[in-house]
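Undergrad: Next up, coords_16.cif (mmCIF, C-alpha atoms and all ligand atoms).
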data_structure
#
loop_
_atom_site.label_atom_id
_atom_site.label_comp_id
_atom_site.auth_asym_id
_atom_site.auth_seq_id
_atom_site.Cartn_x
_atom_site.Cartn_y
_atom_site.Cartn_z
CA MET A 1229 -25.76 2.91 3.61
CA ASN A 1230 -22.43 1.17 3.50
CA ALA A 1231 -19.71 2.52 1.28
CA LEU A 1232 -17.98 0.09 -1.05
CA LEU A 1233 -14.87 0.53 1.08
CA ASP A 1234 -14.52 2.05 4.52
CA ILE A 1235 -11.11 2.82 5.93
CA ASP A 1236 -11.75 3.40 9.60
CA ALA A 1237 -9.14 4.99 11.90
CA MET A 1238 -6.46 2.91 10.19
CA SER A 1239 -2.77 3.04 11.09
CA VAL A 1240 0.26 1.17 9.79
CA HIS A 1241 3.36 1.15 11.96
CA PHE A 1242 6.65 -0.52 11.09
CA LYS A 1243 9.27 -1.54 13.61
CA VAL A 1244 12.63 -0.34 12.32
CA GLY A 1245 16.24 -0.20 13.38
CA GLY A 1246 16.04 -2.83 16.07
CA GLY A 1247 19.20 -4.83 16.71
CA LEU A 1248 20.97 -6.93 19.28
CA LEU A 1249 21.58 -4.01 21.61
CA LYS A 1250 19.34 -1.35 20.13
CA ARG A 1251 15.71 -0.86 20.94
CA GLY A 1252 13.67 -0.75 17.72
CA GLN A 1253 11.83 2.39 16.79
CA VAL A 1254 8.36 2.76 15.38
CA LEU A 1255 7.87 4.28 11.96
CA ARG A 1256 4.34 5.66 11.60
CA ALA A 1257 3.77 5.20 7.86
CA VAL A 1258 -0.01 5.68 8.08
CA GLU A 1259 -1.65 7.29 11.09
CA ASN A 1260 -5.34 7.22 11.92
CA VAL A 1261 -6.74 7.49 8.40
CA THR A 1262 -10.50 7.45 7.87
CA LEU A 1263 -11.73 7.50 4.28
CA ARG A 1264 -14.68 6.08 2.31
CA ILE A 1265 -14.74 5.02 -1.29
CA GLU A 1266 -18.19 4.71 -2.86
CA GLU A 1267 -19.14 2.37 -5.68
CA ASN A 1268 -17.94 3.60 -9.05
CA GLU A 1269 -16.01 6.44 -7.42
CA THR A 1270 -12.38 7.38 -8.08
CA VAL A 1271 -10.53 8.75 -5.10
CA ALA A 1272 -7.04 10.06 -5.82
CA LEU A 1273 -4.45 9.80 -3.08
CA VAL A 1274 -1.74 12.46 -3.34
CA GLY A 1275 1.21 13.56 -1.26
CA GLU A 1276 4.97 13.77 -1.38
CA SER A 1277 7.24 10.75 -1.59
CA GLY A 1278 7.21 8.90 1.73
CA SER A 1279 3.81 10.20 2.83
CA GLY A 1280 2.40 6.66 3.08
CA LYS A 1281 0.44 6.36 -0.16
CA THR A 1282 1.75 2.94 -1.19
CA THR A 1283 1.43 1.56 2.33
CA LEU A 1284 -2.21 2.68 2.51
CA GLY A 1285 -2.90 1.24 -0.94
CA ARG A 1286 -1.39 -2.12 -0.03
CA VAL A 1287 -3.62 -2.40 3.02
CA VAL A 1288 -6.70 -1.50 0.97
CA ALA A 1289 -5.74 -4.19 -1.56
CA GLY A 1290 -5.34 -6.72 1.25
CA LEU A 1291 -1.58 -7.12 0.67
CA ALA A 1292 -0.68 -5.84 4.14
CA ASP A 1293 -2.43 -5.65 7.47
CA PRO A 1294 -3.18 -2.49 9.42
CA SER A 1295 -1.58 -2.07 12.85
CA ALA A 1296 -4.75 -0.45 14.16
CA GLY A 1297 -8.20 0.38 12.86
CA ALA A 1298 -10.06 -1.48 10.15
CA VAL A 1299 -10.80 -1.70 6.45
CA ARG A 1300 -14.37 -2.79 5.69
CA TYR A 1301 -15.70 -3.92 2.34
CA ARG A 1302 -19.45 -3.35 1.92
CA GLY A 1303 -19.58 -3.17 5.69
CA GLY A 1304 -17.86 -6.52 6.26
CA ALA A 1305 -14.44 -7.42 7.59
CA VAL A 1306 -13.67 -9.77 4.70
CA ARG A 1307 -12.86 -8.61 1.19
CA PRO A 1308 -14.32 -11.25 -1.14
CA ALA A 1309 -11.54 -12.88 -3.18
CA GLY A 1310 -10.80 -11.06 -6.42
CA LYS A 1311 -12.97 -8.03 -5.72
CA VAL A 1312 -10.09 -5.67 -4.89
CA GLN A 1313 -7.08 -5.73 -7.20
CA MET A 1314 -3.91 -3.68 -7.45
CA ILE A 1315 -1.94 -2.25 -10.36
CA PHE A 1316 1.66 -1.48 -9.48
CA GLN A 1317 4.00 1.28 -10.51
CA ASP A 1318 6.67 -0.83 -12.15
CA PRO A 1319 5.38 -3.17 -14.86
CA PHE A 1320 8.84 -4.72 -15.19
CA SER A 1321 9.06 -6.21 -11.71
CA ALA A 1322 5.31 -6.87 -11.37
CA LEU A 1323 5.18 -9.67 -13.95
CA ASP A 1324 6.80 -13.09 -13.49
CA PRO A 1325 9.28 -13.38 -16.41
CA ARG A 1326 8.91 -17.18 -16.58
CA MET A 1327 5.16 -17.18 -17.08
CA LEU A 1328 3.30 -16.85 -20.36
CA VAL A 1329 1.23 -13.69 -20.56
CA ALA A 1330 -2.00 -15.72 -20.79
CA ASP A 1331 -1.16 -17.40 -17.48
CA ILE A 1332 -0.16 -14.11 -15.86
CA VAL A 1333 -3.46 -12.51 -16.85
CA ALA A 1334 -5.43 -15.58 -15.72
CA GLU A 1335 -3.61 -15.92 -12.38
CA PRO A 1336 -6.34 -14.28 -10.23
CA LEU A 1337 -8.86 -16.75 -11.72
CA ARG A 1338 -6.63 -19.70 -10.87
CA LEU A 1339 -6.55 -18.49 -7.27
CA LEU A 1340 -10.37 -18.39 -7.36
CA GLY A 1341 -10.51 -21.99 -8.58
CA VAL A 1342 -11.87 -21.20 -12.06
CA ASP A 1343 -11.25 -24.11 -14.47
CA ALA A 1344 -8.58 -23.97 -17.16
CA GLN A 1345 -10.91 -23.61 -20.13
CA GLU A 1346 -12.77 -20.63 -18.65
CA ARG A 1347 -9.46 -19.08 -17.52
CA ARG A 1348 -8.17 -19.20 -21.08
CA GLU A 1349 -11.30 -17.62 -22.50
CA ARG A 1350 -11.47 -14.83 -19.96
CA ALA A 1351 -7.75 -14.08 -20.27
CA ARG A 1352 -8.12 -13.88 -24.05
CA ALA A 1353 -11.05 -11.46 -23.70
CA LEU A 1354 -9.06 -9.20 -21.38
CA ILE A 1355 -5.97 -9.27 -23.62
CA GLU A 1356 -8.24 -8.01 -26.39
CA GLN A 1357 -9.88 -5.36 -24.19
CA VAL A 1358 -6.55 -3.82 -23.21
CA ARG A 1359 -5.66 -3.86 -26.94
CA LEU A 1360 -2.63 -6.10 -26.78
CA PRO A 1361 -1.80 -8.10 -29.94
CA ALA A 1362 -4.01 -11.18 -30.35
CA ASP A 1363 -1.05 -13.55 -29.89
CA ALA A 1364 0.20 -11.77 -26.74
CA GLY A 1365 -1.02 -14.58 -24.50
CA ASP A 1366 1.47 -17.03 -26.02
CA ARG A 1367 4.46 -14.79 -25.37
CA TYR A 1368 6.57 -13.78 -22.36
CA PRO A 1369 6.67 -10.39 -20.60
CA HIS A 1370 10.18 -9.53 -21.83
CA GLU A 1371 8.87 -9.44 -25.39
CA PHE A 1372 6.79 -6.36 -24.56
CA SER A 1373 7.46 -2.65 -24.02
CA GLY A 1374 6.78 -0.90 -20.72
CA GLY A 1375 3.39 0.37 -21.87
CA GLN A 1376 2.38 -3.07 -23.13
CA ARG A 1377 3.51 -4.65 -19.87
CA GLN A 1378 1.34 -2.22 -17.96
CA ARG A 1379 -1.56 -3.31 -20.22
CA ILE A 1380 -0.80 -6.92 -19.22
CA ALA A 1381 -0.89 -5.88 -15.55
CA ILE A 1382 -4.18 -4.05 -16.12
CA ALA A 1383 -5.66 -7.13 -17.82
CA ARG A 1384 -4.60 -9.26 -14.85
CA ALA A 1385 -6.11 -6.76 -12.40
CA LEU A 1386 -9.47 -6.83 -14.22
CA VAL A 1387 -9.84 -10.48 -15.20
CA ALA A 1388 -11.66 -11.46 -12.00
CA ASP A 1389 -14.16 -8.60 -12.38
CA PRO A 1390 -13.08 -6.55 -9.36
CA GLU A 1391 -15.22 -3.72 -8.01
CA LEU A 1392 -12.28 -1.71 -6.69
CA VAL A 1393 -8.83 -1.25 -8.21
CA VAL A 1394 -5.92 0.27 -6.33
CA ALA A 1395 -3.64 1.85 -8.93
CA ASP A 1396 -0.28 2.83 -7.47
CA GLU A 1397 1.38 5.38 -9.77
CA PRO A 1398 0.55 3.22 -12.80
CA LEU A 1399 1.99 5.74 -15.28
CA SER A 1400 5.11 7.01 -13.60
CA ALA A 1401 7.46 4.24 -14.77
CA LEU A 1402 6.32 4.63 -18.39
CA ASP A 1403 7.70 6.78 -21.20
CA VAL A 1404 5.95 10.15 -21.24
CA SER A 1405 4.92 9.49 -24.85
CA ILE A 1406 2.75 6.51 -23.88
CA GLN A 1407 1.45 7.71 -20.50
CA SER A 1408 -1.66 9.29 -21.96
CA GLN A 1409 -2.56 6.12 -23.90
CA VAL A 1410 -2.41 4.05 -20.73
CA LEU A 1411 -4.27 6.75 -18.79
CA ASN A 1412 -7.04 6.80 -21.40
CA LEU A 1413 -7.25 3.00 -21.30
CA ILE A 1414 -7.62 3.07 -17.51
CA ALA A 1415 -10.30 5.78 -17.76
CA GLU A 1416 -12.18 3.84 -20.44
CA LEU A 1417 -12.12 0.52 -18.56
CA ARG A 1418 -13.22 2.29 -15.39
CA GLU A 1419 -16.30 3.61 -17.21
CA THR A 1420 -17.27 0.41 -19.01
CA ARG A 1421 -16.71 -1.76 -15.94
CA LYS A 1422 -18.14 0.69 -13.40
CA LEU A 1423 -15.01 0.40 -11.31
CA ALA A 1424 -14.20 2.24 -8.13
CA MET A 1425 -10.56 3.26 -7.88
CA LEU A 1426 -8.03 4.37 -5.35
CA PHE A 1427 -5.63 6.15 -7.67
CA ILE A 1428 -2.25 6.95 -6.15
CA SER A 1429 -0.36 9.67 -7.98
CA HIS A 1430 1.93 12.61 -7.52
CA ASP A 1431 0.92 13.98 -10.92
CA LEU A 1432 -1.80 16.54 -10.28
CA GLY A 1433 -2.61 16.77 -13.98
CA VAL A 1434 -3.52 13.09 -14.02
CA VAL A 1435 -5.40 13.48 -10.74
CA HIS A 1436 -7.40 16.37 -12.16
CA HIS A 1437 -8.25 14.26 -15.21
CA LEU A 1438 -9.38 11.17 -13.33
CA ALA A 1439 -10.48 11.87 -9.75
CA ASP A 1440 -13.95 12.44 -8.35
CA ARG A 1441 -12.46 13.23 -4.96
CA VAL A 1442 -8.93 13.84 -3.77
CA ALA A 1443 -7.38 12.79 -0.46
CA VAL A 1444 -4.13 14.51 0.54
CA LEU A 1445 -1.66 12.62 2.76
CA TYR A 1446 1.12 14.28 4.72
CA LEU A 1447 3.42 12.18 6.89
CA GLY A 1448 0.82 9.42 6.98
CA ARG A 1449 -2.06 11.69 8.01
CA LEU A 1450 -4.95 12.82 5.86
CA VAL A 1451 -4.78 16.60 5.80
CA GLU A 1452 -7.54 17.30 3.28
CA VAL A 1453 -10.33 15.36 1.57
CA ALA A 1454 -12.51 17.15 -0.96
CA LYS A 1455 -14.27 16.92 -4.29
CA ARG A 1456 -11.81 17.42 -7.09
CA ASP A 1457 -13.13 20.77 -8.29
CA ASP A 1458 -13.38 22.20 -4.77
CA LEU A 1459 -9.85 21.10 -3.97
CA PHE A 1460 -8.29 22.49 -7.14
CA ALA A 1461 -10.26 25.75 -7.09
CA ARG A 1462 -9.94 26.59 -3.41
CA PRO A 1463 -7.71 24.33 -1.34
CA SER A 1464 -8.43 24.59 2.36
CA HIS A 1465 -5.23 23.17 3.86
CA PRO A 1466 -1.94 25.10 3.47
CA TYR A 1467 -0.21 21.88 2.39
CA THR A 1468 -2.72 21.28 -0.41
CA ARG A 1469 -2.26 24.87 -1.49
CA ALA A 1470 1.51 24.39 -1.58
CA LEU A 1471 1.15 21.22 -3.68
CA LEU A 1472 -1.08 23.02 -6.16
CA ASP A 1473 1.24 26.01 -6.29
CA ALA A 1474 4.04 23.67 -7.27
CA ALA A 1475 1.95 22.67 -10.31
CA PRO A 1476 0.40 25.99 -11.34
CA ARG A 1477 -0.87 24.85 -14.74
CA ILE A 1478 -3.36 22.52 -13.14
CA GLY A 1479 -6.90 23.41 -12.21
CA PRO A 1480 -9.41 25.90 -13.50
CA ARG A 1481 -7.52 28.95 -12.31
CA ARG A 1482 -4.54 29.95 -10.30
CA VAL A 1483 -5.12 30.30 -6.63
CA PRO A 1484 -4.84 33.88 -5.36
CA GLY A 1485 -1.67 34.31 -3.38
CA ALA A 1486 0.08 31.57 -5.33
CA GLY A 1487 3.84 31.37 -5.13
CA LEU A 1488 3.99 29.83 -1.71
CA SER A 1489 6.52 27.07 -1.69
CA LEU A 1490 7.30 24.49 0.93
CA ARG A 1491 10.32 25.15 3.02
CA GLY A 1492 12.43 22.39 4.47
CA GLU A 1493 12.36 18.64 4.15
CA ILE A 1494 9.55 16.31 5.02
CA PRO A 1495 10.15 15.29 8.68
CA SER A 1496 10.86 11.69 9.67
CA PRO A 1497 7.83 9.49 10.34
CA ILE A 1498 9.89 7.99 13.19
CA ASN A 1499 9.97 11.31 15.06
CA PRO A 1500 7.03 13.28 13.72
CA PRO A 1501 6.67 16.91 14.89
CA SER A 1502 4.43 17.65 17.87
CA GLY A 1503 0.94 19.08 17.40
CA CYS A 1504 0.11 19.48 13.73
CA VAL A 1505 2.79 17.45 11.92
CA PHE A 1506 2.86 20.08 9.15
CA HIS A 1507 3.72 22.97 11.46
CA THR A 1508 7.48 22.80 10.77
CA ARG A 1509 6.86 23.72 7.13
CA CYS A 1510 3.68 25.73 7.36
CA PRO A 1511 3.54 29.48 6.69
CA LYS A 1512 0.47 29.82 8.93
CA ALA A 1513 1.78 27.93 11.97
CA THR A 1514 1.05 29.38 15.40
CA ASP A 1515 1.67 28.18 18.97
CA LEU A 1516 -1.58 26.21 18.86
CA CYS A 1517 -0.26 24.26 15.85
CA ARG A 1518 2.94 23.34 17.68
CA THR A 1519 1.05 21.76 20.58
CA THR A 1520 -2.32 20.49 19.37
CA ALA A 1521 -3.07 18.19 16.44
CA PRO A 1522 -6.04 19.48 14.43
CA ALA A 1523 -8.92 17.10 13.62
CA LEU A 1524 -10.07 16.49 10.06
CA GLU A 1525 -13.25 18.60 9.92
CA PRO A 1526 -15.31 20.50 7.35
CA ALA A 1527 -13.89 23.84 6.33
CA PRO A 1528 -16.06 26.83 7.32
CA GLY A 1529 -19.05 27.02 4.96
CA ARG A 1530 -17.88 23.96 3.01
CA PRO A 1531 -19.62 20.88 4.40
CA VAL A 1532 -18.03 18.41 1.96
CA GLN A 1533 -14.49 19.80 2.05
CA TRP A 1534 -12.60 18.48 5.05
CA ALA A 1535 -9.25 19.73 6.28
CA ALA A 1536 -7.09 19.05 9.33
CA CYS A 1537 -5.89 22.56 10.09
CA HIS A 1538 -6.43 25.12 12.86
CA HIS A 1539 -6.30 27.87 10.25
CA LYS A 1540 -8.14 26.27 7.36
CA GLU A 1541 -9.62 28.45 4.68
N1 LIG B 1 8.21 -2.48 5.04
C1 LIG B 1 8.57 -1.32 5.55
N2 LIG B 1 9.36 -1.26 6.65
C2 LIG B 1 9.74 -0.09 7.20
N3 LIG B 1 9.34 1.11 6.72
C3 LIG B 1 8.56 1.14 5.63
C4 LIG B 1 8.13 -0.07 4.99
N4 LIG B 1 7.37 0.28 3.93
C5 LIG B 1 7.31 1.62 3.91
N5 LIG B 1 8.03 2.14 4.93
C6 LIG B 1 8.18 3.57 5.25
O1 LIG B 1 6.87 4.10 5.39
C7 LIG B 1 6.81 5.42 4.89
C8 LIG B 1 5.76 5.52 3.82
O2 LIG B 1 6.20 4.82 2.67
P1 LIG B 1 5.30 4.67 1.37
O3 LIG B 1 6.07 3.90 0.36
O4 LIG B 1 3.97 4.16 1.74
O5 LIG B 1 5.18 6.20 0.88
P2 LIG B 1 4.71 6.75 -0.54
O6 LIG B 1 3.91 7.97 -0.26
O7 LIG B 1 4.06 5.67 -1.31
O8 LIG B 1 6.08 7.15 -1.21
P3 LIG B 1 6.51 7.06 -2.76
O9 LIG B 1 5.71 8.12 -3.46
O10 LIG B 1 7.98 7.37 -2.72
O11 LIG B 1 6.22 5.68 -3.22
C9 LIG B 1 8.21 5.77 4.40
O12 LIG B 1 8.88 6.47 5.42
C10 LIG B 1 8.83 4.41 4.16
O13 LIG B 1 10.22 4.48 4.33
#
Let me see the file written as structure tokens.
Ligand SMILES: Nc1ncnc2c1ncn2[C@@H]1O[C@H](COP(=O)(O)OP(=O)(O)OP(=O)(O)O)[C@@H](O)[C@H]1O
TA:
Amino acid sequence: MNALLDIDAMSVHFKVGGGLLKRGQVLRAVENVTLRIEENETVALVGESGSGKTTLGRVVAGLADPSAGAVRYRGGAVRPAGKVQMIFQDPFSALDPRMLVADIVAEPLRLLGVDAQERRERARALIEQVRLPADAGDRYPHEFSGGQRQRIAIARALVADPELVVADEPLSALDVSIQSQVLNLIAELRETRKLAMLFISHDLGVVHHLADRVAVLYLGRLVEVAKRDDLFARPSHPYTRALLDAAPRIGPRRVPGAGLSLRGEIPSPINPPSGCVFHTRCPKATDLCRTTAPALEPAPGRPVQWAACHHKE
């Protein structure tokens, strides 16, 4: 059976630093990622800043093209218009300040050719569902707080009845005091609308709350993919373990041997390390890791927990 979304051996490379006399270099933002998202499933994408999360999300949402590999929607090359939508991190820059909120929310419908009357009605319904004031449609974005603007962006993302929403750190630009309200709204709308989500976050508490499965990116590569509870209870990849150790409150229990912390900086995606790209920071690294990249494979005795590590647990 086809997944809702299939990311198949997908890479995104950027040419950088080229000039009149200089040869450009290639920045490998996403490298050979394979990942499925099923209907009604929430997959969280985690990893340090610069690991390629936003780039991957933009390709899934159809806002950028992969350099290699493919993204298939219900088995097909074409994502039907409106069916995959994105919510961005910053609700201040994501909304056109010159447009009325009703028109912002209805914009995806305009692109689909829906007539003005129906656009108005559906925008009004969404404005109500995200619990904005009833007159919000007749106002401009600057009249709203950050949390309310993110509600506007959520209404816009849902107005065309998508099946998959890519949410890129939708809480991290908001005041801590309103993050949980917006999180609860996202969780509620996901249930009532049977949405699948690719939820990008560095906040493992939020990930634990929302995700069915978790995919861990390091330097553009998937290093672990597992069900949420498996990943939090017994991470297989040393990088996942280090991420969890940095947030010890999260998860059902502390991992034995906790206290491991990552040494060094994340390497450059222009000159990634040889072999396993994590070996420069990994406490378990051996000669094999320095020369040979590990494949993403099931951990021993754990058929649904995949890790790319020669020494996985
Ligand atoms: N348009 C671009 N041109 C060149 N390099 C880019 C471009 N977009 C992203 N990158 C680079 O690709 C890598 C991945 O960036 P990306 O924003 O996807 O990471 P991220 O995990 O989302 O980080 P953050 O959590 O900080 O948003 C980074 O090294 C970034 O500098």
Undergrad: Kindly compile the residues surrounding ligand LIG 1 (chain B) within 10 Å, counting only C-alpha atoms and all ligand atoms, and format them as an mmCIF file with C-alpha atoms, in the coordinates of the input.
TA:
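That gives us pocket39.cif:
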data_model
loop_
_atom_site.group_PDB
_atom_site.id
_atom_site.type_symbol
_atom_site.label_atom_id
_atom_site.label_comp_id
_atom_site.auth_asym_id
_atom_site.auth_seq_id
_atom_site.Cartn_x
_atom_site.Cartn_y
_atom_site.Cartn_z
ATOM 1 C CA VAL A 1240 0.260 1.170 9.790
ATOM 2 C CA HIS A 1241 3.360 1.150 11.960
ATOM 3 C CA PHE A 1242 6.650 -0.520 11.090
ATOM 4 C CA LYS A 1243 9.270 -1.540 13.610
ATOM 5 C CA VAL A 1244 12.630 -0.340 12.320
ATOM 6 C CA GLY A 1245 16.240 -0.200 13.380
ATOM 7 C CA VAL A 1254 8.360 2.760 15.380
ATOM 8 C CA LEU A 1255 7.870 4.280 11.960
ATOM 9 C CA ARG A 1256 4.340 5.660 11.600
ATOM 10 C CA ALA A 1257 3.770 5.200 7.860
ATOM 11 C CA VAL A 1258 -0.010 5.680 8.080
ATOM 12 C CA LEU A 1273 -4.450 9.800 -3.080
ATOM 13 C CA VAL A 1274 -1.740 12.460 -3.340
ATOM 14 C CA GLY A 1275 1.210 13.560 -1.260
ATOM 15 C CA GLU A 1276 4.970 13.770 -1.380
ATOM 16 C CA SER A 1277 7.240 10.750 -1.590
ATOM 17 C CA GLY A 1278 7.210 8.900 1.730
ATOM 18 C CA SER A 1279 3.810 10.200 2.830
ATOM 19 C CA GLY A 1280 2.400 6.660 3.080
ATOM 20 C CA LYS A 1281 0.440 6.360 -0.160
ATOM 21 C CA THR A 1282 1.750 2.940 -1.190
ATOM 22 C CA THR A 1283 1.430 1.560 2.330
ATOM 23 C CA LEU A 1284 -2.210 2.680 2.510
ATOM 24 C CA GLY A 1285 -2.900 1.240 -0.940
ATOM 25 C CA ARG A 1286 -1.390 -2.120 -0.030
ATOM 26 C CA ALA A 1292 -0.680 -5.840 4.140
ATOM 27 C CA GLN A 1317 4.000 1.280 -10.510
ATOM 28 C CA ASP A 1396 -0.280 2.830 -7.470
ATOM 29 C CA GLU A 1397 1.380 5.380 -9.770
ATOM 30 C CA ILE A 1428 -2.250 6.950 -6.150
ATOM 31 C CA SER A 1429 -0.360 9.670 -7.980
ATOM 32 C CA HIS A 1430 1.930 12.610 -7.520
ATOM 33 C CA LEU A 1445 -1.660 12.620 2.760
ATOM 34 C CA TYR A 1446 1.120 14.280 4.720
ATOM 35 C CA LEU A 1447 3.420 12.180 6.890
ATOM 36 C CA GLY A 1448 0.820 9.420 6.980
ATOM 37 C CA ILE A 1494 9.550 16.310 5.020
ATOM 38 C CA PRO A 1495 10.150 15.290 8.680
ATOM 39 C CA SER A 1496 10.860 11.690 9.670
ATOM 40 C CA PRO A 1497 7.830 9.490 10.340
ATOM 41 C CA ILE A 1498 9.890 7.990 13.190
#
Undergrad: So which one's closest to A:Glu1267, A:Val1532, A:Val1387, A:Ala1470, A:Met1425? Using all atoms listed in the file, please.
TA: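 Looking only at the distances to A:Glu1267, the closest residue turns out to be A:Met1425.
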Undergrad: Excluding A:Leu1233 and residues on its chain fewer than 4 positions from it, collect all residues at most 7 Å away from it, counting all atoms listed in the file, and give them as an mmCIF file with C-alpha atoms, in the coordinates of the input.
TA:
data_model
loop_
_atom_site.group_PDB
_atom_site.id
_atom_site.type_symbol
_atom_site.label_atom_id
_atom_site.label_comp_id
_atom_site.auth_asym_id
_atom_site.auth_seq_id
_atom_site.Cartn_x
_atom_site.Cartn_y
_atom_site.Cartn_z
ATOM 1 C CA ARG A 1264 -14.680 6.080 2.310
ATOM 2 C CA ILE A 1265 -14.740 5.020 -1.290
ATOM 3 C CA GLU A 1266 -18.190 4.710 -2.860
ATOM 4 C CA ARG A 1300 -14.370 -2.790 5.690
ATOM 5 C CA TYR A 1301 -15.700 -3.920 2.340
ATOM 6 C CA ARG A 1302 -19.450 -3.350 1.920
#
Undergrad: Using all atoms listed in the file, can you tell me which of A:Lys1250, A:Tyr1467, A:Arg1379, A:Ala1474 comes closest to A:Ala1536?
TA: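 Looking at the shortest contact to A:Ala1536, the residue is A:Tyr1467.
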Undergrad: Excluding A:Trp1534 and any residue of its chain fewer than 6 positions from it, enumerate the residues within 7 Å of it, using only C-alpha atoms, and give them as a PyMOL selection string.
TA: chain A and resi 1452-1454+1524-1527
Undergrad: For the selection you just gave me, I'd like the residues written to a file as a PDB file, in the coordinates of the input, keeping C-alpha atoms.
TA:
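selection-v1.pdb, written as the output of this step:
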ATOM      1  CA  GLU A1452      -7.540  17.300   3.280  1.00  0.00           C
ATOM      2  CA  VAL A1453     -10.330  15.360   1.570  1.00  0.00           C
ATOM      3  CA  ALA A1454     -12.510  17.150  -0.960  1.00  0.00           C
ATOM      4  CA  LEU A1524     -10.070  16.490  10.060  1.00  0.00           C
ATOM      5  CA  GLU A1525     -13.250  18.600   9.920  1.00  0.00           C
ATOM      6  CA  PRO A1526     -15.310  20.500   7.350  1.00  0.00           C
ATOM      7  CA  ALA A1527     -13.890  23.840   6.330  1.00  0.00           C
TER       8      ALA A1527
END
Undergrad: What is the distance between atom CA of A:Arg1469 and atom CA of A:Val1288, in Å to one decimal?
TA: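 These two atoms are separated by 26.9 Å.
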Undergrad: State, in Å with one decimal place, the distance from atom CA of A:Leu1323 to atom CA of A:Glu1349.
TA: 20.2 Å
Undergrad: Let me make sure I understand: among A:Lys1311, A:Leu1426, A:Ile1332, A:Thr1270, which one has the smallest atom-to-atom distance to A:Asp1440 if we use all atoms listed in the file?
TA: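 That would be A:Thr1270, the residue with the smallest distance to A:Asp1440.
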Undergrad: Write out as a PyMOL selection string the residues lying within 10 Å of A:Asp1458, counting only C-alpha atoms and excluding same-chain residues fewer than 6 positions away.
TA: chain A and resi 1441-1442+1464+1479+1530+1532-1533
Undergrad: Take atom CA of A:Cys1504 and atom CA of A:Gln1253 and report the distance between them in Å, one decimal.
TA: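 Between these atoms lies a distance of 20.9 Å.
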Undergrad: Show me as a list in words the residues that reach within 12 Å of (8.0, 30.3, 5.8), counting all atoms listed in the file and using the file's own coordinates.
TA: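 Protein, DNA and RNA residues close to (8.0, 30.3, 5.8): Pro1466, Ala1470, Gly1487, Leu1488, Ser1489, Leu1490, Arg1491, Gly1492, Phe1506, His1507, Thr1508, Arg1509, Cys1510, Pro1511, Lys1512, Ala1513 and Thr1514 of chain A.
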Undergrad: Tell me which of A:Ala1231, A:Gly1374, A:Val1333, A:Ala1272 sits closest to A:Val1434, counting only C-alpha atoms.
TA: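 Selected residue with least distance to A:Val1434: A:Ala1272.
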Undergrad: Can you work out which one of A:Ile1235, A:Ala1330, A:Met1314, A:Ala1395 has the shortest atom-to-atom distance to A:Val1435, counting only C-alpha atoms?
TA: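 Looking at the shortest contact to A:Val1435, the residue is A:Ala1395.
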Undergrad: Output stretch 1418-1429 of chain A with N, CA and C atoms present, as a JSON list (two decimals), keeping the file's coordinate frame.
TA:
[["chain", "number", "residue", "atom", "x", "y", "z"],
["A", 1418, "ARG", "N", -12.51, 1.89, -16.61],
["A", 1418, "ARG", "CA", -13.22, 2.29, -15.39],
["A", 1418, "ARG", "C", -14.68, 2.60, -15.72],
["A", 1419, "GLU", "N", -14.93, 3.28, -16.84],
["A", 1419, "GLU", "CA", -16.30, 3.61, -17.21],
["A", 1419, "GLU", "C", -17.08, 2.36, -17.59],
["A", 1420, "THR", "N", -16.50, 1.55, -18.51],
["A", 1420, "THR", "CA", -17.27, 0.41, -19.01],
["A", 1420, "THR", "C", -17.50, -0.64, -17.93],
["A", 1421, "ARG", "N", -16.59, -0.72, -16.97],
["A", 1421, "ARG", "CA", -16.71, -1.76, -15.94],
["A", 1421, "ARG", "C", -17.24, -1.22, -14.62],
["A", 1422, "LYS", "N", -17.59, 0.06, -14.60],
["A", 1422, "LYS", "CA", -18.14, 0.69, -13.40],
["A", 1422, "LYS", "C", -17.26, 0.44, -12.17],
["A", 1423, "LEU", "N", -15.97, 0.66, -12.38],
["A", 1423, "LEU", "CA", -15.01, 0.40, -11.31],
["A", 1423, "LEU", "C", -14.92, 1.56, -10.32],
["A", 1424, "ALA", "N", -14.69, 1.24, -9.07],
["A", 1424, "ALA", "CA", -14.20, 2.24, -8.13],
["A", 1424, "ALA", "C", -12.68, 2.14, -8.14],
["A", 1425, "MET", "N", -12.03, 3.28, -7.89],
["A", 1425, "MET", "CA", -10.56, 3.26, -7.88],
["A", 1425, "MET", "C", -9.99, 4.08, -6.74],
["A", 1426, "LEU", "N", -8.91, 3.56, -6.19],
["A", 1426, "LEU", "CA", -8.03, 4.37, -5.35],
["A", 1426, "LEU", "C", -6.81, 4.61, -6.21],
["A", 1427, "PHE", "N", -6.66, 5.85, -6.67],
["A", 1427, "PHE", "CA", -5.63, 6.15, -7.67],
["A", 1427, "PHE", "C", -4.52, 6.96, -7.00],
["A", 1428, "ILE", "N", -3.37, 6.31, -6.83],
["A", 1428, "ILE", "CA", -2.25, 6.95, -6.15],
["A", 1428, "ILE", "C", -1.38, 7.64, -7.19],
["A", 1429, "SER", "N", -1.14, 8.94, -6.98],
["A", 1429, "SER", "CA", -0.36, 9.67, -7.98],
["A", 1429, "SER", "C", 0.24, 10.92, -7.37]]
